[in-house]
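Colleague: Take a look at this one; I'll ask things after.
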Amino acid sequence: MGLMFITSKTAPGDADSGALRFADGEDGVVFDNTYNEYQFYFVNMHPQNYSNFQFQVNDTDDPGGGFDVSLITSTHFRTYHKEDDSETHLGYSDGHDLAQEAEYQIMANNVDNVADNGCSGVLTIYDPSSITYVKHFISTLQSQHTTTYSQQSFTAGYINDTTAIDEINFKFSGGNIDAGTIYMYGVG
């Protein structure tokens with residue numbers, strides 16, 4: 001079957017764009033046992049203020065909840081290259097990982113809010129409806145960092161919850177999503 005388009009959401013660029021939420025059964029969203037793998041593609045996500053692009057989930061025991069219950073353990077590393085060629089880096093970012101925390105997981109840090117900047121990439125979540133296993137995820141995002149360098153961020157880990165996951169929320173840590181589209185796919 002391959003990659004199957006489910007739905008997309010675009011930030012309206014106003015006060016209502018604080019987050020983009022995908023919940024099973026709402027607005028054409030299928031986030032259940034239909035697929036064993038779900039992918040979210042981020043295209044030109046632009047923050048209102050420079051900040052971190054991040055996600056968190058709700059399980060079926062907390063429908064419509066505050067995205068503040070599911071524990072995440074993760075790793076995060078990044079590589080960057082400054083525009084003026086004065087600095088490069090490849091390394092672990094221990095301030096962006098989580099250790100059994102019910103916090104939002106950072107996928108790209110300090111994304112610049114200058115008009116022509118933002119971030120794009122993909123997040124994959126494996127078997128979110130499993131009631132036996134934790135939910136593994138992996139993401140890679142490319143962004144323009146606030147200090148004028150190109151940054152590639154790699155995040156992976158697991159949501160330590162054996163209850164089915166049926167909601168996911170994406171947001172910037174420091175204000176609204178000014179622009180951008182998220183495409184949701186199932187992999188069959």
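We name chains A, B, ... following the order of the structure tokens; residues begin at 1 in each chain, and ligands are numbered from 1 as shown.
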Near Thr34 of chain A, within 12 Å and counting only C-alpha atoms, which residues show up once chain neighbours fewer than 5 positions away are dropped, as a PyMOL selection string?
Modeller: chain A and resi 4+6+24+29+127-130+166+185-188
Colleague: Which residues, written as an MDAnalysis selection string, have at least one atom at most 12 Å from His89 of chain A, with only C-alpha atoms counted and residues fewer than 6 positions away on the same chain left out?
Modeller: chainID A and resid 77:82 149:153
Colleague: Mind dumping the selected residues with N, CA and C atoms as an mmCIF file, in the first residue's frame?
Modeller:
```cif
data_model
loop_
_atom_site.group_PDB
_atom_site.id
_atom_site.type_symbol
_atom_site.label_atom_id
_atom_site.label_comp_id
_atom_site.auth_asym_id
_atom_site.auth_seq_id
_atom_site.Cartn_x
_atom_site.Cartn_y
_atom_site.Cartn_z
ATOM 1 N N PHE A 77 20.314 15.025 18.909
ATOM 2 C CA PHE A 77 21.603 15.564 18.498
ATOM 3 C C PHE A 77 21.397 16.404 17.254
ATOM 4 N N ARG A 78 22.367 17.232 16.985
ATOM 5 C CA ARG A 78 22.224 18.154 15.855
ATOM 6 C C ARG A 78 23.580 18.449 15.232
ATOM 7 N N THR A 79 23.479 18.921 14.032
ATOM 8 C CA THR A 79 24.644 19.399 13.306
ATOM 9 C C THR A 79 24.309 20.782 12.770
ATOM 10 N N TYR A 80 25.285 21.662 12.730
ATOM 11 C CA TYR A 80 25.019 22.980 12.159
ATOM 12 C C TYR A 80 26.250 23.547 11.489
ATOM 13 N N HIS A 81 26.004 24.552 10.645
ATOM 14 C CA HIS A 81 27.053 25.239 9.890
ATOM 15 C C HIS A 81 26.650 26.713 9.772
ATOM 16 N N LYS A 82 27.484 27.604 10.293
ATOM 17 C CA LYS A 82 27.183 29.043 10.233
ATOM 18 C C LYS A 82 27.304 29.565 8.808
ATOM 19 N N TYR A 149 22.705 30.082 11.394
ATOM 20 C CA TYR A 149 23.306 28.874 10.856
ATOM 21 C C TYR A 149 22.230 27.871 10.467
ATOM 22 N N SER A 150 22.593 27.047 9.509
ATOM 23 C CA SER A 150 21.744 25.959 9.064
ATOM 24 C C SER A 150 21.895 24.816 10.062
ATOM 25 N N GLN A 151 20.772 24.306 10.535
ATOM 26 C CA GLN A 151 20.796 23.301 11.598
ATOM 27 C C GLN A 151 19.953 22.088 11.200
ATOM 28 N N GLN A 152 20.498 20.904 11.368
ATOM 29 C CA GLN A 152 19.753 19.668 11.180
ATOM 30 C C GLN A 152 19.641 18.997 12.545
ATOM 31 N N SER A 153 18.406 18.717 12.974
ATOM 32 C CA SER A 153 18.161 18.128 14.291
ATOM 33 C C SER A 153 17.605 16.719 14.145
#
```
Colleague: Can you pull out the residues contacting Gly118 of chain A? Cut-off 8 Å, using only C-alpha atoms, and skip same-chain residues under 2 positions away; I want them as a list of chain:residue names.
Modeller: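 Skipping anything fewer than 2 positions along the chain leaves A:Asn44, A:Met45, A:His46, A:Pro47, A:Val111, A:Asp112, A:Asn113, A:Val114, A:Asp116, A:Ser120, A:Ser143, A:Gln144.
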Colleague: Deliver the residues from the most recent selection as a file, using C-alpha atoms, as a compact mmCIF listing (two decimals), in the first residue's frame.
Modeller:
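Ended up saving to out07.txt:
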```txt
# COMPACT_ATOMS: atom_id res chain seq x y z
CA ASN A 44 7.84 25.77 6.16
CA MET A 45 6.80 25.97 9.80
CA HIS A 46 7.36 29.57 10.85
CA PRO A 47 7.20 30.77 14.48
CA VAL A 111 13.97 28.37 15.09
CA ASP A 112 14.36 31.90 13.75
CA ASN A 113 11.25 34.01 13.10
CA VAL A 114 12.78 36.25 10.41
CA ASP A 116 12.37 33.89 5.20
CA SER A 120 10.76 21.61 7.72
CA SER A 143 15.89 24.78 10.39
CA GLN A 144 17.43 28.22 10.33
```
Colleague: Counting only C-alpha atoms, what is within 6 Å of Ser74 of chain A, bar same-chain residues fewer than 4 positions away, as a PyMOL selection string?
Modeller: chain A and resi 97-98+156-157
Colleague: Write out the residues from the selection above, keeping C-alpha atoms, as a short mmCIF file (atom, residue, chain, number, x, y, z; two decimals), in the first residue's frame.
Modeller:
```cif
data_model
loop_
_atom_site.label_atom_id
_atom_site.label_comp_id
_atom_site.auth_asym_id
_atom_site.auth_seq_id
_atom_site.Cartn_x
_atom_site.Cartn_y
_atom_site.Cartn_z
CA ASP A 97 16.33 15.30 25.44
CA LEU A 98 13.80 14.00 27.95
CA ALA A 156 14.36 9.74 18.68
CA GLY A 157 12.86 7.99 21.65
#
```
Colleague: Rounded to one decimal in Å, what is the spacing between atom CA of Asn109 of chain A and atom CA of Phe53 of chain A?
Modeller: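 Value for the atom CA of Asn109 of chain A-atom CA of Phe53 of chain A distance: 6.4 Å.
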Colleague: Record the distance separating atom CA of Val30 of chain A and atom CA of Ala11 of chain A, expressed in Å with one decimal.
Modeller: 19.6 Å
Colleague: Within 8 Å of Phe172 of chain A, counting only C-alpha atoms, which residues qualify if same-chain residues fewer than 4 places away don't, as a PyMOL selection string?
Modeller: chain A and resi 18-19+47+51-54+176-177
Colleague: Output the selection as a tab-separated table (two decimals), in the first residue's frame - N, CA and C atoms for each residue.
Modeller:
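The resulting file, out.tsv, is reproduced below:
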```
chain	number	residue	atom	x	y	z
A	18	GLY	N	-2.01	28.82	17.84
A	18	GLY	CA	-1.07	28.50	18.90
A	18	GLY	C	-0.52	27.09	18.78
A	19	ALA	N	-1.31	26.18	18.20
A	19	ALA	CA	-0.89	24.79	18.01
A	19	ALA	C	-1.71	24.18	16.89
A	47	PRO	N	7.68	30.33	13.16
A	47	PRO	CA	7.20	30.77	14.48
A	47	PRO	C	6.91	32.27	14.51
A	51	SER	N	11.74	30.31	18.67
A	51	SER	CA	11.44	29.35	19.73
A	51	SER	C	11.67	27.93	19.23
A	52	ASN	N	11.35	26.96	20.08
A	52	ASN	CA	11.53	25.55	19.77
A	52	ASN	C	10.26	24.97	19.14
A	53	PHE	N	10.42	24.13	18.12
A	53	PHE	CA	9.29	23.42	17.53
A	53	PHE	C	9.23	22.06	18.20
A	54	GLN	N	8.03	21.67	18.68
A	54	GLN	CA	7.93	20.53	19.58
A	54	GLN	C	6.58	19.81	19.46
A	176	ASN	N	2.69	31.74	18.75
A	176	ASN	CA	1.88	31.06	17.75
A	176	ASN	C	2.71	30.49	16.61
A	177	ILE	N	2.08	29.57	15.88
A	177	ILE	CA	2.62	29.14	14.60
A	177	ILE	C	2.17	30.18	13.59
```
Colleague: Under the rule that only C-alpha atoms are counted, which of A:Gly174, A:Asn160, A:Leu141, A:Val43 is the nearest residue to Leu123 of chain A?
Modeller: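 Comparing A:Gly174, A:Asn160, A:Leu141, A:Val43 against Leu123 of chain A, the winner is A:Leu141.
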Colleague: Mind checking DSSP for chain A and telling me the strand (DSSP E) residues as a PyMOL selection string?
Modeller: chain A and resi 3-10+20-23+37-47+51-59+72-82+88-92+105-111+119-126+135-144+149-159+165-172+177-187
Colleague: Write out as a ChimeraX atom specification which residues come within 10 Å of segment 133-138 of chain A when counting only C-alpha atoms, dropping same-chain ones fewer than 3 positions away.
Modeller: /A:37-39,72-76,107,122-130,154-165
Colleague: Using the selection just defined, write its residues with N, CA and C atoms as an mmCIF file, in the first residue's frame.
Modeller:
```
data_model
loop_
_atom_site.group_PDB
_atom_site.id
_atom_site.type_symbol
_atom_site.label_atom_id
_atom_site.label_comp_id
_atom_site.auth_asym_id
_atom_site.auth_seq_id
_atom_site.Cartn_x
_atom_site.Cartn_y
_atom_site.Cartn_z
ATOM 1 N N GLU A 37 2.183 2.657 11.348
ATOM 2 C CA GLU A 37 3.152 3.760 11.342
ATOM 3 C C GLU A 37 2.454 5.011 10.812
ATOM 4 N N TYR A 38 2.720 6.138 11.478
ATOM 5 C CA TYR A 38 2.173 7.426 11.036
ATOM 6 C C TYR A 38 3.326 8.395 10.840
ATOM 7 N N GLN A 39 3.246 9.175 9.760
ATOM 8 C CA GLN A 39 4.279 10.174 9.476
ATOM 9 C C GLN A 39 3.636 11.545 9.367
ATOM 10 N N ILE A 72 7.944 10.768 28.171
ATOM 11 C CA ILE A 72 8.817 10.573 27.019
ATOM 12 C C ILE A 72 10.257 10.440 27.494
ATOM 13 N N THR A 73 10.969 9.487 26.892
ATOM 14 C CA THR A 73 12.414 9.362 27.042
ATOM 15 C C THR A 73 13.004 9.465 25.645
ATOM 16 N N SER A 74 14.032 10.316 25.476
ATOM 17 C CA SER A 74 14.499 10.595 24.118
ATOM 18 C C SER A 74 15.977 10.967 24.078
ATOM 19 N N THR A 75 16.485 11.010 22.862
ATOM 20 C CA THR A 75 17.812 11.537 22.566
ATOM 21 C C THR A 75 17.650 12.646 21.547
ATOM 22 N N HIS A 76 18.623 13.551 21.506
ATOM 23 C CA HIS A 76 18.565 14.655 20.547
ATOM 24 C C HIS A 76 19.999 15.056 20.195
ATOM 25 N N MET A 107 11.888 19.169 18.753
ATOM 26 C CA MET A 107 12.388 18.578 17.511
ATOM 27 C C MET A 107 13.354 19.503 16.795
ATOM 28 N N VAL A 122 10.270 15.783 9.171
ATOM 29 C CA VAL A 122 9.315 14.687 9.322
ATOM 30 C C VAL A 122 9.443 14.048 10.715
ATOM 31 N N LEU A 123 8.299 13.627 11.246
ATOM 32 C CA LEU A 123 8.221 12.848 12.479
ATOM 33 C C LEU A 123 7.491 11.551 12.160
ATOM 34 N N THR A 124 8.048 10.424 12.591
ATOM 35 C CA THR A 124 7.397 9.121 12.433
ATOM 36 C C THR A 124 7.114 8.552 13.814
ATOM 37 N N ILE A 125 5.869 8.094 14.013
ATOM 38 C CA ILE A 125 5.478 7.416 15.248
ATOM 39 C C ILE A 125 5.042 6.007 14.869
ATOM 40 N N TYR A 126 5.584 5.023 15.587
ATOM 41 C CA TYR A 126 5.332 3.624 15.282
ATOM 42 C C TYR A 126 4.283 3.028 16.215
ATOM 43 N N ASP A 127 3.293 2.396 15.641
ATOM 44 C CA ASP A 127 2.261 1.626 16.338
ATOM 45 C C ASP A 127 1.638 2.376 17.524
ATOM 46 N N PRO A 128 1.081 3.561 17.282
ATOM 47 C CA PRO A 128 0.540 4.358 18.386
ATOM 48 C C PRO A 128 -0.677 3.748 19.074
ATOM 49 N N SER A 129 -1.348 2.805 18.422
ATOM 50 C CA SER A 129 -2.540 2.223 19.046
ATOM 51 C C SER A 129 -2.240 0.957 19.844
ATOM 52 N N SER A 130 -0.964 0.569 19.932
ATOM 53 C CA SER A 130 -0.608 -0.631 20.688
ATOM 54 C C SER A 130 -0.986 -0.469 22.161
ATOM 55 N N PHE A 154 18.124 15.815 14.961
ATOM 56 C CA PHE A 154 17.709 14.413 14.947
ATOM 57 C C PHE A 154 17.229 14.050 16.353
ATOM 58 N N THR A 155 15.980 13.607 16.458
ATOM 59 C CA THR A 155 15.394 13.268 17.748
ATOM 60 C C THR A 155 14.771 11.879 17.646
ATOM 61 N N ALA A 156 14.967 11.069 18.658
ATOM 62 C CA ALA A 156 14.358 9.740 18.683
ATOM 63 C C ALA A 156 14.101 9.347 20.126
ATOM 64 N N GLY A 157 13.149 8.449 20.309
ATOM 65 C CA GLY A 157 12.862 7.985 21.653
ATOM 66 C C GLY A 157 11.590 7.184 21.700
ATOM 67 N N TYR A 158 10.996 7.160 22.892
ATOM 68 C CA TYR A 158 9.742 6.434 23.040
ATOM 69 C C TYR A 158 8.830 7.148 24.022
ATOM 70 N N ILE A 159 7.540 6.960 23.795
ATOM 71 C CA ILE A 159 6.496 7.435 24.693
ATOM 72 C C ILE A 159 6.177 6.243 25.591
ATOM 73 N N ASN A 160 6.480 6.373 26.872
ATOM 74 C CA ASN A 160 6.384 5.246 27.793
ATOM 75 C C ASN A 160 4.947 5.079 28.266
ATOM 76 N N ASP A 161 4.123 4.576 27.361
ATOM 77 C CA ASP A 161 2.701 4.441 27.625
ATOM 78 C C ASP A 161 2.201 3.218 26.862
ATOM 79 N N THR A 162 1.572 2.276 27.563
ATOM 80 C CA THR A 162 1.015 1.113 26.884
ATOM 81 C C THR A 162 -0.482 1.280 26.641
ATOM 82 N N THR A 163 -0.974 2.500 26.787
ATOM 83 C CA THR A 163 -2.331 2.846 26.383
ATOM 84 C C THR A 163 -2.240 3.416 24.970
ATOM 85 N N ALA A 164 -3.259 3.182 24.156
ATOM 86 C CA ALA A 164 -3.249 3.685 22.785
ATOM 87 C C ALA A 164 -3.151 5.209 22.765
ATOM 88 N N ILE A 165 -2.352 5.716 21.834
ATOM 89 C CA ILE A 165 -2.212 7.164 21.608
ATOM 90 C C ILE A 165 -3.143 7.549 20.462
#
```
Colleague: So, with only C-alpha atoms as the atoms that count, which of A:Ile106, A:Gly65, A:Gln142, A:Glu101 lies closest to Glu167 of chain A?
Modeller: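 Of the candidates, the smallest distance to Glu167 of chain A is held by A:Gly65.
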